[in-house]
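Peer 1: Have a look at this one before I ask anything.
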Amino acid sequence: MKVPVSWLNEYVDVSDLSVRELSDRLTFSGVEVEGVEEVGAALDDHFVVGEVLACEAHPNSDHLHVCRVSDGQQELQIVCGAPNCAAGLKVPLAKIGAVVPEGGFAIKQAKLRGVASYGMLCSARELKLSDDHAGLLVLDPSWKPGTPMREVLPPPETVLDLEITWNRPDCLSIIGIAREFAAVLQRPLRLPEVAFDECGEPVETYAKVVVEDPVKCPRYTARVLTGVKDGPSPAWMRRRLELCGVRAISLTVDVTNYVMLEYGQPLHAFDYRRLAERTVVVRRARPGEALTTLDGVARKLDGSMLVIADAQAPSAVAGIMGGAGSEIATGTEHVLLESALFEPASTKFTAAALGLSTESSRRFERGVDPELADRASRRAVALLAEHGQAVVARGVIDVDARAYRPAEVALRFRRVQEVIGVALAPEEMVARLESLGLSVVARDAASATFRIPSFRLDLTLEADLIEEIARLHGLDAIPDRLPGLTAVSALDDRPFQARARCREVLLGLGLSEAMHYSFLSAQELNAFDRRGEARRAVLPNPVSADYGVLRDSLLPQLVGSLGRNASRQVERAGLFEMGRVFFVDEAGRPGEEERVSLGLMGPFGRSAIDRRRAVTNEEALLWLKGVVESLAAALHVGEPAFAPCEHPGMEAGWALEIALGGVTVGCLGLVSAGLRHHWRMTAPMPVAELRLAPLLAGVARSGAVRPAPAYPAVRRDIALVADASVTHREVVAAVRAAAPPELTGVELFDIFQSKEIGKGKRSLGYTLEFRSPDRTLTDQEVNEAFARIVGALKQALRVEVREG
């Protein structure tokens with residue numbers, strides 16, 4: 001939100017503070033100042049009003065003009081490129097020697113395309129008045145040539161750009177920010193006076209208001225004004241609107257925008273003559289109804305949306321935007337002024353459904369002061385009566401169904417001191433809260449009960465009052481001291497320790513931890529796996545369509561992070577994430593489960609001197625399989641088993657099901673080429689996702705201590721040619737079935753394929769280790785065991801054992 005300092009100064013005196021002091025005071029009180037903008041500049045005598053006497057085409061250019069300009073004393077030849085330059089205009093003239101505010105360059109005599117130029121005609125942007133650089137700034141024709149521009153333009157203005165959080169809708173107004181400064185600086189708040197005369201018939205004779213949905217519209221007020229002279233608004237009002245980023249249109253529209261910025265209460269003005277039967281009906285849209293809004297877009301409505309209608313059709317989307325059929329147009333003299341209170345959730349839903357966000361909806365979504373509607377309406381009427389000579393009908397139509405009662409919150413003085421760590425006196429605490437508009441309804445030596453003002457909807461708990469005291473005291477003035485507290489928790493910290501151990505192991509394996517939002521789009525989940533689409537938890541009112549579903553898998557976001565790294569020329573990466581996934585069970589109840597996802601990209605498992613070769617599918621899958629096996633071993637949950645499976649997000653034939661103790665706990669595989677194509681990746685990307693609970697079940701176990709081997713081991717290598725369908729698991733099972741108890745290890749050390757071996761076949765190299773715990777094995781014993789193993793492999797798997 002933009003706040004001009006001069007406007008702010010009308011309500012609280014801040015004239016003695018520098019911009020830096022204002023920004024610091026507001027920031028340390030909890031309202032962030034995102035930026036400070038200087039609009040306009042202090043212009044010297046080199047900037048005057050110039051009158052364009054003649055404007056001719058440049059002989060050597062198709063877009064430049066050669067102008068004769070009077071500065072009140074002499075005529076100057078100036079070359080200008082503005083498309084709106086024409087004879088008879090009064091425009092800002094920067095003479096030789098002037099320093100242009102935008103850019104800081106000095107004006108000198110120059111030649112442009114061979115024609116001499118003795119100055120420059122200026123746009124609004126060059127004078128730092130706005131971003132408009134489409135043409136020259138055209139001045140009022142009544143100004144005399146040679147008049148100093150500092151007498152024509154308003155003085156330079158400082159505008160604060162504030163970031164207002166969702167819980168502080170009261171700060172979405174100039175008066176709200178002034179109230180903050182008044183409390184922080186302990187200075188009085190000055191509110192604008194509101195006075196106007198009413199005459200003629202009562203307002204009920206002019207209009208009728210019917211509220212059919214008092215839940216979504218708890219209060220609706222209407223006033224009728226006749227004889228409005230709806231010309232341009234006063235210059236000071238147009239200036240303030242422009243400084244706040246609002247375009248000035250006409251007096252009636254500008255007044256409604258001005259009061260919204262001033263008080264924070266959105267208003268809407270209807271052309272009274274266009275309201276059928278002079279009736280306003282606040283109701284839900286009917287099936288099939290549509291409305292063309294002020295932005296010229298025809299919008300389809302549904303029964304959940306609240307509209308402001310006349311006796312025949314909708315005239316506005318309640319709290320969001322008016323309709324083109326009842327807008328204030330040129331010549332409008334009779335106005336019905338709406339000031340209402342709309343339910344935040346309904347406004348938010350409608351704005352999101354229509355894809356329509358406005359300054360009005362922004363305020364109603366966060367919550368508007370429930371007591372503000374009539375006060376803001378009176379302020380707008382007073383301005384229209386003063387500047388537009390409006391005749392105000394007697395009274396106000398006020399349909400009020402509110403059940404509002406001011407909240408009361410108790411505060412313990414000792415608790416304040418304990419939380420913020422500062423020994424504030426109770427009198428100071430009470431004074432700080434009273435400066436914010438809270439009033440004391442009861443008090444004793446230990447506590448006080450405060451009535452919360454209607455504009456502070458965010459104050460509901462004792463903790464809220466403590467926070468207000470802390471920020472008004474000054475967050476920077478609170479000492480850096482840890483609270484003294486001795487606590488012995490009865491909670492079991494083993495789950496936390498188990499997660500920490502899992503994270504420690506994965507970091508030790510060379511992976512980096514990733515963190516993602518729990519929300520994402522349905523399209524992102526569907527692209528990876530849509531089998532669980534029916535069980536997904538869909539948000540009813542998402543902030544945006546990109547965050548409309550709670551994730552049911554960690555893999556889509558992990559793949560996205562790996563892909564983004566690859567697209568930014570990261571050579572290799574290994575990521576993991578520990579997080580929750582969400583679902584809806586058969587009974588419609590929401591549920592969640594903790595999982596861990598793993599993913600590799602690039603030559604992750606190779607040394608630094610061997611990263612140029614292309615990564616094969618097999619080695620990429622084996623790298624991640626090794627990570628899973630190492631993780632399971634470190635967490636003491638036994639050896640995982642892998643079995644082929646199918647997964648829509650993975651390459652066919654390259655997906656594995658992971659089981660622990662015979663129970664499936666996850667899957668592992670290579671991301672499909674279609675998904676990788678989005679990131680222009682041709683190399684394989686292995687990923688895995690496992691349920692976290694069974695993975696952490698044995699983390700607290702400790703392995704049995706075994707004595708170091710006392711006798712040497714004997715190793716034998718075996719190379720066998722087998723069909724590509726023969727798995728490592730089958731080979732190990734056949735070896736162990738035929739081996740004696742002295743076989744202590746089976747290690748795969750080589751996989752080789754070539755034309756000589758044959759299509760569909762591969763060579764597997766294994767090392768077999770034999771060791772006896774009570775004696776040294778002889779060559780004969782080992783050779784006999786080795787022969788039995790070779791025979792068993794040939795018989796069970798039909799493999800060819802390579803000799804030599």
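We label chains A, B, ... in the order they appear in the structure tokens, count residues from 1 in each chain, and number ligands from 1 in the order shown.
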DSSP on the backbone: which residues in range 568-768 of chain A end up as helix (DSSP H, G or I)? Give the answer as a ChimeraX atom specification.
Peer 2: /A:617-634,673-677,692-696,728-738
Peer 1: Create the file for the chosen residues now, containing N, CA, C and O atoms and written as a short mmCIF file (atom, residue, chain, number, x, y, z; two decimals), in the first residue's frame.
Peer 2:
```cif
data_model
loop_
_atom_site.label_atom_id
_atom_site.label_comp_id
_atom_site.auth_asym_id
_atom_site.auth_seq_id
_atom_site.Cartn_x
_atom_site.Cartn_y
_atom_site.Cartn_z
N ASN A 617 21.29 -46.52 -18.02
CA ASN A 617 20.14 -46.79 -17.15
C ASN A 617 20.51 -47.71 -16.00
O ASN A 617 20.09 -47.52 -14.85
N GLU A 618 21.29 -48.73 -16.31
CA GLU A 618 21.61 -49.75 -15.32
C GLU A 618 22.42 -49.16 -14.16
O GLU A 618 22.12 -49.40 -12.99
N GLU A 619 23.46 -48.38 -14.48
CA GLU A 619 24.28 -47.88 -13.39
C GLU A 619 23.52 -46.81 -12.59
O GLU A 619 23.68 -46.71 -11.37
N ALA A 620 22.69 -46.00 -13.25
CA ALA A 620 21.91 -45.00 -12.51
C ALA A 620 20.98 -45.68 -11.50
O ALA A 620 20.87 -45.26 -10.34
N LEU A 621 20.31 -46.75 -11.96
CA LEU A 621 19.41 -47.47 -11.07
C LEU A 621 20.17 -48.13 -9.93
O LEU A 621 19.73 -48.12 -8.77
N LEU A 622 21.33 -48.70 -10.23
CA LEU A 622 22.11 -49.37 -9.19
C LEU A 622 22.66 -48.38 -8.17
O LEU A 622 22.79 -48.70 -6.99
N TRP A 623 23.00 -47.14 -8.61
CA TRP A 623 23.47 -46.15 -7.64
C TRP A 623 22.39 -45.88 -6.58
O TRP A 623 22.67 -45.89 -5.39
N LEU A 624 21.16 -45.65 -7.04
CA LEU A 624 20.11 -45.34 -6.08
C LEU A 624 19.72 -46.57 -5.28
O LEU A 624 19.39 -46.47 -4.09
N LYS A 625 19.78 -47.75 -5.91
CA LYS A 625 19.52 -48.99 -5.16
C LYS A 625 20.53 -49.14 -4.03
O LYS A 625 20.19 -49.53 -2.91
N GLY A 626 21.78 -48.78 -4.32
CA GLY A 626 22.80 -48.83 -3.28
C GLY A 626 22.53 -47.85 -2.16
O GLY A 626 22.78 -48.15 -0.99
N VAL A 627 22.01 -46.68 -2.49
CA VAL A 627 21.66 -45.70 -1.45
C VAL A 627 20.57 -46.26 -0.54
O VAL A 627 20.65 -46.16 0.69
N VAL A 628 19.56 -46.88 -1.16
CA VAL A 628 18.46 -47.46 -0.36
C VAL A 628 18.99 -48.58 0.54
O VAL A 628 18.64 -48.68 1.72
N GLU A 629 19.83 -49.44 0.00
CA GLU A 629 20.39 -50.55 0.79
C GLU A 629 21.26 -50.02 1.93
O GLU A 629 21.20 -50.52 3.06
N SER A 630 22.07 -49.00 1.65
CA SER A 630 22.92 -48.43 2.70
C SER A 630 22.08 -47.77 3.78
O SER A 630 22.40 -47.87 4.98
N LEU A 631 21.01 -47.10 3.38
CA LEU A 631 20.12 -46.46 4.36
C LEU A 631 19.46 -47.51 5.23
O LEU A 631 19.39 -47.37 6.47
N ALA A 632 18.97 -48.59 4.63
CA ALA A 632 18.31 -49.65 5.41
C ALA A 632 19.29 -50.30 6.37
O ALA A 632 18.95 -50.61 7.52
N ALA A 633 20.54 -50.51 5.93
CA ALA A 633 21.53 -51.12 6.81
C ALA A 633 21.87 -50.21 7.98
O ALA A 633 21.99 -50.66 9.13
N ALA A 634 22.01 -48.91 7.72
CA ALA A 634 22.37 -47.97 8.78
C ALA A 634 21.25 -47.82 9.79
O ALA A 634 21.49 -47.52 10.96
N ALA A 673 10.94 -40.81 -19.96
CA ALA A 673 11.50 -39.84 -20.90
C ALA A 673 10.54 -38.67 -21.12
O ALA A 673 10.98 -37.53 -21.32
N GLY A 674 9.23 -38.93 -21.08
CA GLY A 674 8.26 -37.86 -21.27
C GLY A 674 8.36 -36.79 -20.20
O GLY A 674 8.26 -35.59 -20.48
N LEU A 675 8.55 -37.21 -18.96
CA LEU A 675 8.69 -36.25 -17.87
C LEU A 675 10.04 -35.54 -17.93
O LEU A 675 10.14 -34.35 -17.65
N ARG A 676 11.08 -36.27 -18.31
CA ARG A 676 12.41 -35.65 -18.39
C ARG A 676 12.49 -34.66 -19.55
O ARG A 676 13.29 -33.72 -19.51
N HIS A 677 11.66 -34.86 -20.56
CA HIS A 677 11.71 -33.98 -21.73
C HIS A 677 11.39 -32.54 -21.37
O HIS A 677 11.88 -31.60 -22.00
N LEU A 692 8.10 -43.76 5.70
CA LEU A 692 9.13 -43.50 6.69
C LEU A 692 8.99 -44.38 7.94
O LEU A 692 10.00 -44.79 8.53
N ALA A 693 7.76 -44.68 8.34
CA ALA A 693 7.55 -45.42 9.59
C ALA A 693 8.26 -46.78 9.60
O ALA A 693 9.01 -47.08 10.55
N PRO A 694 8.07 -47.66 8.60
CA PRO A 694 8.79 -48.94 8.64
C PRO A 694 10.29 -48.77 8.49
O PRO A 694 11.07 -49.59 8.99
N LEU A 695 10.73 -47.72 7.83
CA LEU A 695 12.16 -47.49 7.66
C LEU A 695 12.82 -47.11 8.98
O LEU A 695 13.99 -47.41 9.22
N LEU A 696 12.05 -46.47 9.88
CA LEU A 696 12.61 -46.03 11.16
C LEU A 696 12.33 -47.00 12.30
O LEU A 696 12.71 -46.74 13.44
N HIS A 728 20.28 -60.65 -10.34
CA HIS A 728 21.32 -60.82 -9.31
C HIS A 728 20.76 -61.58 -8.12
O HIS A 728 21.44 -62.43 -7.52
N ARG A 729 19.53 -61.29 -7.76
CA ARG A 729 18.92 -61.96 -6.61
C ARG A 729 18.83 -63.47 -6.84
O ARG A 729 19.08 -64.26 -5.92
N GLU A 730 18.47 -63.89 -8.06
CA GLU A 730 18.37 -65.32 -8.37
C GLU A 730 19.75 -65.99 -8.31
O GLU A 730 19.87 -67.13 -7.83
N VAL A 731 20.77 -65.27 -8.79
CA VAL A 731 22.12 -65.84 -8.75
C VAL A 731 22.56 -66.04 -7.31
O VAL A 731 23.09 -67.11 -6.94
N VAL A 732 22.36 -65.05 -6.46
CA VAL A 732 22.78 -65.15 -5.06
C VAL A 732 22.03 -66.28 -4.36
O VAL A 732 22.61 -67.05 -3.57
N ALA A 733 20.73 -66.41 -4.65
CA ALA A 733 19.94 -67.48 -4.03
C ALA A 733 20.46 -68.86 -4.43
O ALA A 733 20.58 -69.78 -3.59
N ALA A 734 20.79 -69.03 -5.70
CA ALA A 734 21.31 -70.33 -6.18
C ALA A 734 22.66 -70.62 -5.57
O ALA A 734 22.97 -71.78 -5.19
N VAL A 735 23.52 -69.62 -5.44
CA VAL A 735 24.85 -69.82 -4.84
C VAL A 735 24.70 -70.25 -3.40
O VAL A 735 25.34 -71.21 -2.94
N ARG A 736 23.89 -69.53 -2.62
CA ARG A 736 23.77 -69.84 -1.19
C ARG A 736 23.10 -71.20 -0.96
O ARG A 736 23.39 -71.88 0.03
N ALA A 737 22.21 -71.59 -1.86
CA ALA A 737 21.55 -72.89 -1.69
C ALA A 737 22.53 -74.05 -1.82
O ALA A 737 22.37 -75.10 -1.17
N ALA A 738 23.55 -73.87 -2.64
CA ALA A 738 24.51 -74.96 -2.86
C ALA A 738 25.76 -74.82 -2.01
O ALA A 738 26.57 -75.75 -1.96
#
```
Peer 1: Skip range 111-124 of chain A itself and residues of its chain fewer than 6 positions away, then list as a list of chain:residue names all residues within 8 Å of it, counting only C-alpha atoms.
Peer 2: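 Close residues of range 111-124 of chain A: A:Asn60, A:Ser61, A:Leu76, A:Gln77, A:Ile78, A:Val79, A:Cys80, A:Val91, A:Pro92, A:Leu93, A:Ala94, A:Lys95, A:Ile96, A:Ser130, A:Asp131, A:Asp132, A:His133, A:Ala134, A:Gly135, A:Leu136, A:Leu137.
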Peer 1: Considering only C-alpha atoms, return as a PyMOL selection string whatever protein or nucleic-acid residues lie within 12 Å of Arg481 in chain A, sequence-local ones (same chain, fewer than 5 positions apart) excluded.
Peer 2: chain A and resi 418-422
Peer 1: As a VMD selection string, please: every residue in range 102-267 of chain A that DSSP puts in strand (DSSP E).
Peer 2: chain A and resid 110 to 112 115 to 117 119 to 121 157 to 163 198 to 202 208 to 211 219 to 226 267
Peer 1: Store the residues picked out above, limited to C-alpha atoms, as an mmCIF file, in the first residue's frame.
Peer 2:
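Result saved to result_33.cif:
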```cif
data_model
loop_
_atom_site.group_PDB
_atom_site.id
_atom_site.type_symbol
_atom_site.label_atom_id
_atom_site.label_comp_id
_atom_site.auth_asym_id
_atom_site.auth_seq_id
_atom_site.Cartn_x
_atom_site.Cartn_y
_atom_site.Cartn_z
ATOM 1 C CA ALA A 110 23.064 20.198 -29.383
ATOM 2 C CA LYS A 111 22.429 19.134 -32.953
ATOM 3 C CA LEU A 112 19.897 16.404 -33.611
ATOM 4 C CA VAL A 115 19.260 20.666 -36.665
ATOM 5 C CA ALA A 116 20.305 22.774 -33.651
ATOM 6 C CA SER A 117 18.270 22.451 -30.447
ATOM 7 C CA GLY A 119 16.560 23.133 -24.794
ATOM 8 C CA MET A 120 14.165 20.242 -24.101
ATOM 9 C CA LEU A 121 10.414 19.851 -23.721
ATOM 10 C CA GLU A 157 6.258 14.289 -2.369
ATOM 11 C CA THR A 158 7.539 11.285 -0.438
ATOM 12 C CA VAL A 159 5.485 8.085 -0.718
ATOM 13 C CA LEU A 160 5.972 5.078 1.596
ATOM 14 C CA ASP A 161 5.330 1.673 0.030
ATOM 15 C CA LEU A 162 4.107 -0.629 2.806
ATOM 16 C CA GLU A 163 3.645 -4.402 3.009
ATOM 17 C CA GLU A 198 -29.776 17.097 4.378
ATOM 18 C CA CYS A 199 -32.928 18.372 2.740
ATOM 19 C CA GLY A 200 -35.987 17.303 0.803
ATOM 20 C CA GLU A 201 -37.851 14.041 1.160
ATOM 21 C CA PRO A 202 -36.613 11.133 3.302
ATOM 22 C CA LYS A 208 -35.729 0.636 -1.394
ATOM 23 C CA VAL A 209 -33.140 -1.880 -0.152
ATOM 24 C CA VAL A 210 -33.809 -5.613 0.324
ATOM 25 C CA VAL A 211 -31.114 -7.904 1.762
ATOM 26 C CA ARG A 219 -25.010 -4.571 6.869
ATOM 27 C CA TYR A 220 -25.986 -2.458 3.875
ATOM 28 C CA THR A 221 -26.359 1.317 3.933
ATOM 29 C CA ALA A 222 -27.552 3.524 1.087
ATOM 30 C CA ARG A 223 -27.795 7.288 0.641
ATOM 31 C CA VAL A 224 -29.247 9.178 -2.326
ATOM 32 C CA LEU A 225 -27.719 12.373 -3.722
ATOM 33 C CA THR A 226 -29.266 14.499 -6.460
ATOM 34 C CA LEU A 267 -17.800 2.256 -1.435
#
```
Peer 1: Between CA of Tyr263 in chain A and CA of Phe455 in chain A, what is the spacing in Å?
Peer 2: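 We find that CA of Phe455 in chain A and CA of Tyr263 in chain A lie 10.5 Å from each other.
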Peer 1: How many Å separate CA of Val14 in chain A from CA of Leu185 in chain A?
Peer 2: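 Atom-to-atom, CA of Val14 in chain A and CA of Leu185 in chain A are spaced 8.9 Å apart.
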